[in-house]
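Asks: Below is a structure I'd like to ask you about.
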2 protein chains.
Amino acid sequence: MATLKDIEMAAAINFLTAFAFFVAFAFLRLQPINDRVYFPKWYLKGLRSSPSRSGAVVGRFVNLDFRAYLRFLKWMPAALQMPEPELIDHAGLDSAVYLRIYFVGLKIFVPIAFLAFAIIVPVNWTNGTLERSNLTYSDIDKLSISNIPLGSLRFWTHLVMAYVFTFWTCYVLKKEYEIVASMRLHFLASEKRRPDQFTVLVRNVPPDPDESVNELVEHFFLVNHPEHYFTHQVVYNANKLSDLVKEKKKIQNRLDYYQLKYSRNQSKRPFSKTGFLGLCGDKVDAIDFYASKIEKLSEEIASEKEKIMNNPKHIMPAAFVSFKTRWGAAVCAQTQQSRNPTIWLTEWAPEPRDVFWDNLAIPYVSLTIRRLIIAVAFFFLTFFFMIPIAFVQTLANIEGIEKALPFLKPIIELKGIKSFIQGFLPGIALKIFLIFLPTILMIMSKFEGFISISFLERRSATRYYIFQFINVFLGSIITGTAFQQLNNFIHQSANDIPKTIGVSIPMKATFFITYIMVDGWAGVAGEILRLKPLVIYHIRNFFLVKTEKDREEAMDPGTLGFNTGEPQIQLYFLLGLVYAVVTPVLLPFIIVFFGLAYVVYRHQIINVYNQEYESAAAFWPDVHGRIIVALVVSQLLLMGLLSTKEAAQSTPLLIALPVLTIWFHIFCKGRYEPAFVKYPLQEAMMKDTLERAKEPNLNLKGFLENAYIHPVFVEEDDSENHAATEEEDKEPKLIPTKRQSRRNTPLASKHSGSLSSLLPEATEEH
Amino acid sequence: MATLKDIEMAAAINFLTAFAFFVAFAFLRLQPINDRVYFPKWYLKGLRSSPSRSGAVVGRFVNLDFRAYLRFLKWMPAALQMPEPELIDHAGLDSAVYLRIYFVGLKIFVPIAFLAFAIIVPVNWTNGTLERSNLTYSDIDKLSISNIPLGSLRFWTHLVMAYVFTFWTCYVLKKEYEIVASMRLHFLASEKRRPDQFTVLVRNVPPDPDESVNELVEHFFLVNHPEHYFTHQVVYNANKLSDLVKEKKKIQNRLDYYQLKYSRNQSKRPFSKTGFLGLCGDKVDAIDFYASKIEKLSEEIASEKEKIMNNPKHIMPAAFVSFKTRWGAAVCAQTQQSRNPTIWLTEWAPEPRDVFWDNLAIPYVSLTIRRLIIAVAFFFLTFFFMIPIAFVQTLANIEGIEKALPFLKPIIELKGIKSFIQGFLPGIALKIFLIFLPTILMIMSKFEGFISISFLERRSATRYYIFQFINVFLGSIITGTAFQQLNNFIHQSANDIPKTIGVSIPMKATFFITYIMVDGWAGVAGEILRLKPLVIYHIRNFFLVKTEKDREEAMDPGTLGFNTGEPQIQLYFLLGLVYAVVTPVLLPFIIVFFGLAYVVYRHQIINVYNQEYESAAAFWPDVHGRIIVALVVSQLLLMGLLSTKEAAQSTPLLIALPVLTIWFHIFCKGRYEPAFVKYPLQEAMMKDTLERAKEPNLNLKGFLENAYIHPVFVEEDDSENHAATEEEDKEPKLIPTKRQSRRNTPLASKHSGSLSSLLPEATEEH
């Protein structure tokens, strides 16, 4: 077990690592050549353009102003300066509320840590149980609950503190739910007109022998919403088309590369091979070859487009139905349309850029079957993921490699390399799996058939949290694979499970402290350095970039990554709440994590990330629910721990805690969750009335008719004749609002590429 | 353990008991004097009136036509003859669908029994395990799974049959859900105009300093539903008034009694004492005394009424809001109104007679707290109900009684009586508790704050089922109180619980067979005899009845009693499914129960019961859900049982069963449940359009404006000046429909008494 010294040492190392990252970041961000890596958000918003061409050539790449280096931590206060309303304007509500999660961490744990150090630590420290015992123990353990003798009356302190901590956490959570709900409602209320406010997604349109989907939808809504129905757009199955467009883009990239190569060195036409990866096959003139390929693809795309438009088979039984008023849309989204509840399913349309187009046509029965399959698959993934990895590990030994690739034998047999590989190989399969885990979970969510990217991410986050809870939290406490744990738990009584875990908890405190420092501190500091985007940007910049537009494309601002980031934070909530009573010395490390992460992510949100969608903090109920789960888990484990301490009289008093906590959750769910799921008619009516008064002659038709077109159509038009500029102009700029930012934030999504998003700046420059 | 002989004996006894009940019923029902006990429904519908005054006096009381007695089971085919659509017309959809539960029992268990006897019984019988063993065993056990040797391959039969039974049950359940859902939709669609189709109940109207609730509701809905809002009725807090009215009715009863006494014996004015129960106090002239008391109460009622009408304090923050169209009401009921989801709560208004008025004004926070309290209370009730009963039992011993009531000592000391009391006393507390349990559960549901009687009954049924499951099913299998079981389960592993129960199951088969015969067969036969209403009717008839109207009131047709009846049926589903694979010999007993109960309850529904409300089979999702629970329980217990039989290879194959069953439940929930919870806009629009076309000049105002008045107001008007006749006439009889029955079914509820319900007949007779 680690002593206090060891922990201090580890803390120093990790602190220095983090510090080194910050210094590196401070240096790199000041170089103009990296400007697009560290400030892409400002470029996307059109508020920053490439460094001016005038001035010294060197100055365009390297910052020579040495004064700038002296204030290398200046970005920290700068990140904190922007007030929250401005932040919402600048980066959207999702990002602002995401930051609040870290803030909630600080709000919960700073007072808890203060109380714990003032009360629990002295109570623990002034015992001599560990000294008298023959056990080996560390200084950390002297501060923990392990130092209290069996059956001591001092356990009442822990009991009372468990109540205090629970009430404080619930109080903070309730306040926060209230604030976030009102932020969301305010955000939705003050937003300018958006197509999704008027639009409802209809799925599972029943097949009809006499009418096309188009006619059917129109008739159905004309009959059932006669005063409110306005127009609709059917959904085309453009998956093949979008593959073609992707292919064309890839080839275009290659063509650009060769053209750039040729333009730099005009003496020699570049050549390429037609076969696999350009390694084999006939040698051809690269520029001609790819140009002709693009021409062919363009033709194919045009014919595919024609086919989609004319063949009713490509129309999916789904449509985006728009209404004359927000009230009409709110009504349609919240009600059941048909007596058969599996057809004419209506729900709020996601933002156009948030739609996950591929899933729009999945029928109801298929959806339930998919959910069953994924539930079973996720169960196996969580509990049995070690089996294939162990299998790969047995295959991937030195002998196997030597057999498969005999020519590597002499190299492998070198002593240094051999031992390195032997130490390295077994871990690599696991590491690769863990890196790909979020992607695997995302694919599972996509398969399940959800129709908005924001929902996909929320679903993946839930699964990732469960995986981490079982394999990281429980897996570290009770060593052994998840399956072994499951097997143990099945054979243990419901009463013994919290005991088994509870008893091991104090012993694992030092492990988790180290984990927090490595994964939390250094991880967060690494995030700000953006090493991967930095490298990729410079590679692209060198090989592909011809125009400003290409340079924009080479930027990869990235997003918050809710599906991986949030479960990580939740792990810290869980650790903090579990250890608050047991080993309070862990709390400062968690507080440092939350503080550091808050500053870093605030900086990144302001300067880097470009959110793909805006869900108006729809994820908050998930966040709230998971903190409640952590709270209940911490209470159950404390009960288990205390029941082994012969403090039997206190255990029954703890039973009330989980009951009250769960009740609190139910209360909050009823009180606040509807604000995240439903759209009140009162609000809709207010906005409608206001709009009618302000703009009596509004041309809603122009605004809505092309809002929900598959991005592949928009993109194609865009890249060919910049039709999007026109579209952007169509948006009536009628409401005088201070919230200019949103107008400038382009409706770009991963799927539509970032082409259309560059238009504002492009127009400014040319 | 009981042998096959014992079972045959018990069956014979119970069969004879049931037969005796039927004979007694056949005799009693033919006596004209009992006509109103056994055919009250026909009286209430106005299709039958008291036996004519002409003819022999004896003939009015006793049936002298001996031929009638010969065909004493004639009611059975008669009960089965009425086709289902007519039954729905006659008794409502609730009753018709309630009968289908028994029918589902037959549909599930007849084929299962057939298969089990054809396959499982021979497989079990042809083993000699029990013969070779030294255990005592019965013939029943030879037919059960206990007769198969450990690790035998024959367990594959049971495994396969478990799959077959599960699929068959799910198939029947799915078909049935489909049928009931379409029956419900058809019923709702073909119903004539009812106020609740246009009306939404709004609760938690926020307090406003400037406006009264009345104005506030009007303004809110005029603003937010401008095209649809029609009118509204605020809810008055008339609890005190309704107490006064009840009091007046009681006194009226006494007055009637004395007046009747006086009219029979004119020589002597009856006297009464003013004190407790008329046993002590001053002696007064009874008729004058009660007449003056009634006068005083009438005045109080009038002043209270005035107070309620004029004092805004008596207006509760709730209102029944009516809309111009069904579409408008459907929209309002299904959407959220305000940005604060705890105010302006809207939901479908229950039928006027289904409203539980006392609960209309409970605010949101109070509701969640009440739910927590009741959840905790129900937990203690289920697991610790034995504690107070044991306490009462220790108090209620002979010595205690002798001490408390010394004058009883000589009587108690008589030997025969003493031993009788000693044998009887300990059981009586438990018996009384079990008799009052449904009432206790109903009070708990009322406290929880639900607003319709139908929902209260459904909620109580759920609780009663849980109580029976734990205390009857589990309690009989693992002997011991529920708390001991809970304690055992907490200390057992999740894996061992199904094992512990599963192992005991085959041994308890004979007990449950006896239970089915006593509780099921004899209980159902007893139901048809209606002993309690028979006695009460004759007492009332003798003491209170002056007019035909009084005689109507003396009738107590009763209702189906969903809150007690359905959980009982569910217990039989549970037993049947659990024993289908284990001891199939139990199945015929269950089939007899279902068959008998089906006939008996069909007869009662046609001739006796008068439903208080019509929920259009809203209870079906509960019924379906509980059968699914029984199915999953049976699968888990079979898994537990097989895992002790060293048939380890088959256990993993059984895991798929509960997973598939739960998935099937989720599928059904999504597919059919909305039909029971929501009201599709398409239907609403269709009915609106049809109505507009047929009756363009409909006076909806007159129809809706008094629909939702607290019954106490209606009743008072009614008993004083028969205003209800007028109201009844207001109902426009415009749609030519065959469904005359509903028009005649009066909208009587327990609260409004059955006064208004007598009007049609009263008019016919006078």
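If you're wondering about the labels, chains in the structure tokens are A, B, ... by order shown, residues count from 1 in each chain, ligands from 1 in order shown.
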Counting only C-alpha atoms, which residues of chain A sit at most 7 Å from some atom of chain B, and what is each one's closest atom pair with its distance in Å to one decimal, listed by chain and rising residue number, as a tab-separated table?
Replies:
residue	atom	partner	partner_atom	distance
A:Asn224	CA	B:Gln682	CA	5.8
A:Val331	CA	B:Val331	CA	6.3
A:Gln334	CA	B:Thr335	CA	5.8
A:Thr335	CA	B:Gln334	CA	5.8
A:Gln336	CA	B:Pro680	CA	4.9
A:Gln337	CA	B:Pro680	CA	4.9
A:Ser338	CA	B:Pro680	CA	5.2
A:Arg339	CA	B:Pro680	CA	5.5
A:Pro341	CA	B:Arg671	CA	6.1
A:Thr342	CA	B:Arg671	CA	6.0
A:Thr368	CA	B:Phe667	CA	6.3
A:Leu372	CA	B:Trp663	CA	6.7
A:Ile490	CA	B:Ala494	CA	5.2
A:His491	CA	B:Ser493	CA	5.0
A:Gln492	CA	B:Ser493	CA	4.1
A:Ser493	CA	B:Ser493	CA	3.3
A:Ala494	CA	B:Ile490	CA	5.2
A:Asn495	CA	B:Ile490	CA	5.2
A:Trp663	CA	B:Leu372	CA	6.6
A:Phe667	CA	B:Thr368	CA	6.3
A:Arg671	CA	B:Thr342	CA	6.0
A:Tyr672	CA	B:Pro341	CA	6.9
A:Pro674	CA	B:Pro341	CA	6.2
A:Ala675	CA	B:Arg339	CA	6.7
A:Lys678	CA	B:Gln336	CA	6.8
A:Tyr679	CA	B:Gln336	CA	6.8
A:Pro680	CA	B:Gln336	CA	4.9
A:Leu681	CA	B:Gln337	CA	4.9
A:Gln682	CA	B:Ser338	CA	5.4
A:Glu683	CA	B:Arg339	CA	7.0
A:Met685	CA	B:Asn224	CA	6.1
Asks: Write the residues you've just listed into a file as a short mmCIF file (atom, residue, chain, number, x, y, z; two decimals), in the first residue's frame, and include C-alpha atoms for each of them.
Replies:
data_model
loop_
_atom_site.label_atom_id
_atom_site.label_comp_id
_atom_site.auth_asym_id
_atom_site.auth_seq_id
_atom_site.Cartn_x
_atom_site.Cartn_y
_atom_site.Cartn_z
CA ASN A 224 -56.63 15.64 -39.03
CA VAL A 331 -49.85 19.68 -30.60
CA GLN A 334 -47.29 15.39 -28.37
CA THR A 335 -50.42 13.56 -29.48
CA GLN A 336 -51.22 10.19 -30.92
CA GLN A 337 -52.51 10.39 -34.46
CA SER A 338 -53.93 7.05 -35.45
CA ARG A 339 -55.78 4.37 -33.55
CA PRO A 341 -50.13 3.37 -32.19
CA THR A 342 -47.40 1.93 -34.37
CA THR A 368 -38.25 -3.44 -30.96
CA LEU A 372 -33.65 -6.58 -27.90
CA ILE A 490 -25.17 -14.39 -8.50
CA HIS A 491 -23.88 -16.75 -5.88
CA GLN A 492 -23.89 -14.16 -3.15
CA SER A 493 -26.86 -12.92 -1.18
CA ALA A 494 -28.33 -9.50 -1.87
CA ASN A 495 -27.10 -8.52 1.54
CA TRP A 663 -38.00 9.50 -3.90
CA PHE A 667 -39.90 14.11 -7.45
CA ARG A 671 -41.06 18.42 -11.52
CA TYR A 672 -38.37 19.23 -14.05
CA PRO A 674 -41.04 17.53 -18.75
CA ALA A 675 -39.16 20.76 -19.49
CA LYS A 678 -42.20 18.33 -23.94
CA TYR A 679 -42.87 21.71 -25.37
CA PRO A 680 -45.52 23.68 -23.49
CA LEU A 681 -48.40 25.05 -25.54
CA GLN A 682 -48.34 28.31 -23.61
CA GLU A 683 -44.83 29.07 -24.86
CA MET A 685 -48.77 30.28 -28.38
#
Asks: Using only C-alpha atoms, which residues sit within 12 Å of A:Asn127 once same-chain residues fewer than 6 positions away are excluded, as a PyMOL selection string?
Replies: chain A and resi 120-121+133+141-150+152+154
Asks: Excluding stretch 192-200 of chain B and any residue of its chain fewer than 6 positions from it, enumerate the residues within 7 Å of it, using only C-alpha atoms, and give them as a CSV table (one decimal) with C-alpha atoms, in the first residue's frame.
Replies:
chain,number,residue,atom,x,y,z
B,320,PHE,CA,-63.4,20.8,-15.8
B,321,VAL,CA,-62.6,22.5,-19.0
B,322,SER,CA,-64.9,21.7,-22.0
B,323,PHE,CA,-64.0,22.2,-25.6
B,325,THR,CA,-64.7,19.6,-30.3
B,326,ARG,CA,-63.4,16.2,-29.3
B,329,ALA,CA,-60.1,18.1,-25.8
B,333,ALA,CA,-55.4,16.3,-22.5
B,346,THR,CA,-54.4,18.4,-17.8
B,347,GLU,CA,-55.7,14.9,-18.2
B,348,TRP,CA,-58.8,13.4,-19.6
B,349,ALA,CA,-61.8,14.0,-17.4
B,350,PRO,CA,-63.2,10.7,-16.1
B,351,GLU,CA,-66.9,10.1,-16.6
B,704,LEU,CA,-72.0,20.3,-21.2
B,707,ALA,CA,-72.2,17.8,-16.6
Asks: Taking the chain letters and numbering used in this document, name the residues of stretch 292-342 of chain A that DSSP puts in helix (DSSP H, G or I), as an NGL selection string.
Replies: :A and (292-310 or 312-314 or 326-334)
Asks: Could you take the residues named above and write them with C-alpha atoms, as a PDB file, in the first residue's frame?
Replies:
ATOM      1  CA  SER A 292     -11.758  11.503 -65.659  1.00  0.00           C
ATOM      2  CA  LYS A 293     -12.817   9.500 -62.630  1.00  0.00           C
ATOM      3  CA  ILE A 294     -14.454  12.555 -61.111  1.00  0.00           C
ATOM      4  CA  GLU A 295     -16.254  13.258 -64.343  1.00  0.00           C
ATOM      5  CA  LYS A 296     -17.595   9.706 -64.374  1.00  0.00           C
ATOM      6  CA  LEU A 297     -18.696   9.963 -60.759  1.00  0.00           C
ATOM      7  CA  SER A 298     -20.431  13.282 -61.394  1.00  0.00           C
ATOM      8  CA  GLU A 299     -22.442  11.632 -64.144  1.00  0.00           C
ATOM      9  CA  GLU A 300     -23.328   8.727 -61.886  1.00  0.00           C
ATOM     10  CA  ILE A 301     -24.377  11.113 -59.148  1.00  0.00           C
ATOM     11  CA  ALA A 302     -26.599  13.031 -61.526  1.00  0.00           C
ATOM     12  CA  SER A 303     -28.299   9.872 -62.758  1.00  0.00           C
ATOM     13  CA  GLU A 304     -28.697   8.512 -59.225  1.00  0.00           C
ATOM     14  CA  LYS A 305     -30.271  11.799 -58.209  1.00  0.00           C
ATOM     15  CA  GLU A 306     -32.706  11.602 -61.088  1.00  0.00           C
ATOM     16  CA  LYS A 307     -33.541   8.030 -60.120  1.00  0.00           C
ATOM     17  CA  ILE A 308     -34.221   8.971 -56.513  1.00  0.00           C
ATOM     18  CA  MET A 309     -36.434  11.832 -57.489  1.00  0.00           C
ATOM     19  CA  ASN A 310     -38.514   9.842 -59.960  1.00  0.00           C
ATOM     20  CA  PRO A 312     -41.256   6.071 -55.703  1.00  0.00           C
ATOM     21  CA  LYS A 313     -39.259   3.164 -54.315  1.00  0.00           C
ATOM     22  CA  HIS A 314     -36.714   5.619 -53.032  1.00  0.00           C
ATOM     23  CA  ARG A 326     -45.575  26.459 -33.423  1.00  0.00           C
ATOM     24  CA  TRP A 327     -48.758  25.629 -31.535  1.00  0.00           C
ATOM     25  CA  GLY A 328     -49.861  23.274 -34.280  1.00  0.00           C
ATOM     26  CA  ALA A 329     -46.496  21.553 -34.331  1.00  0.00           C
ATOM     27  CA  ALA A 330     -46.408  21.254 -30.528  1.00  0.00           C
ATOM     28  CA  VAL A 331     -49.850  19.676 -30.598  1.00  0.00           C
ATOM     29  CA  CYS A 332     -48.993  17.205 -33.338  1.00  0.00           C
ATOM     30  CA  ALA A 333     -45.704  16.183 -31.739  1.00  0.00           C
ATOM     31  CA  GLN A 334     -47.288  15.393 -28.375  1.00  0.00           C
TER      32      GLN A 334
END
Asks: So which residues touch B:Ile478 within 9 Å, counting only C-alpha atoms, skipping near sequence neighbours fewer than 6 positions away, as a PDB file with all heavy atoms, in the first residue's frame?
Replies:
ATOM      1  N   GLN B 485     -39.370 -14.535   5.334  1.00  0.00           N
ATOM      2  CA  GLN B 485     -38.957 -14.791   3.949  1.00  0.00           C
ATOM      3  C   GLN B 485     -38.016 -13.706   3.462  1.00  0.00           C
ATOM      4  O   GLN B 485     -36.968 -13.969   2.887  1.00  0.00           O
ATOM      5  CB  GLN B 485     -40.157 -14.794   3.015  1.00  0.00           C
ATOM      6  CG  GLN B 485     -41.104 -15.932   3.202  1.00  0.00           C
ATOM      7  CD  GLN B 485     -42.384 -15.625   2.479  1.00  0.00           C
ATOM      8  OE1 GLN B 485     -42.362 -15.000   1.411  1.00  0.00           O
ATOM      9  NE2 GLN B 485     -43.490 -16.021   3.042  1.00  0.00           N
ATOM     10  N   THR B 500     -34.536 -22.259  -3.887  1.00  0.00           N
ATOM     11  CA  THR B 500     -35.261 -22.542  -2.651  1.00  0.00           C
ATOM     12  C   THR B 500     -36.742 -22.708  -2.933  1.00  0.00           C
ATOM     13  O   THR B 500     -37.390 -23.652  -2.452  1.00  0.00           O
ATOM     14  CB  THR B 500     -35.085 -21.371  -1.666  1.00  0.00           C
ATOM     15  OG1 THR B 500     -33.745 -20.939  -1.722  1.00  0.00           O
ATOM     16  CG2 THR B 500     -35.472 -21.783  -0.264  1.00  0.00           C
ATOM     17  N   ILE B 501     -37.292 -21.767  -3.698  1.00  0.00           N
ATOM     18  CA  ILE B 501     -38.724 -21.830  -3.966  1.00  0.00           C
ATOM     19  C   ILE B 501     -39.022 -22.980  -4.909  1.00  0.00           C
ATOM     20  O   ILE B 501     -39.958 -23.749  -4.694  1.00  0.00           O
ATOM     21  CB  ILE B 501     -39.227 -20.503  -4.556  1.00  0.00           C
ATOM     22  CG1 ILE B 501     -38.810 -19.344  -3.651  1.00  0.00           C
ATOM     23  CG2 ILE B 501     -40.731 -20.524  -4.711  1.00  0.00           C
ATOM     24  CD1 ILE B 501     -39.083 -18.001  -4.232  1.00  0.00           C
ATOM     25  N   SER B 504     -39.401 -26.403  -3.421  1.00  0.00           N
ATOM     26  CA  SER B 504     -40.594 -26.668  -2.610  1.00  0.00           C
ATOM     27  C   SER B 504     -41.847 -26.793  -3.456  1.00  0.00           C
ATOM     28  O   SER B 504     -42.879 -27.281  -2.974  1.00  0.00           O
ATOM     29  CB  SER B 504     -40.811 -25.539  -1.605  1.00  0.00           C
ATOM     30  OG  SER B 504     -39.603 -25.067  -1.105  1.00  0.00           O
ATOM     31  N   ILE B 505     -41.793 -26.308  -4.687  1.00  0.00           N
ATOM     32  CA  ILE B 505     -43.023 -26.212  -5.471  1.00  0.00           C
ATOM     33  C   ILE B 505     -43.720 -27.561  -5.670  1.00  0.00           C
ATOM     34  O   ILE B 505     -44.919 -27.670  -5.386  1.00  0.00           O
ATOM     35  CB  ILE B 505     -42.740 -25.501  -6.809  1.00  0.00           C
ATOM     36  CG1 ILE B 505     -42.755 -24.002  -6.560  1.00  0.00           C
ATOM     37  CG2 ILE B 505     -43.765 -25.862  -7.863  1.00  0.00           C
ATOM     38  CD1 ILE B 505     -42.598 -23.190  -7.770  1.00  0.00           C
TER      39      ILE B 505
END
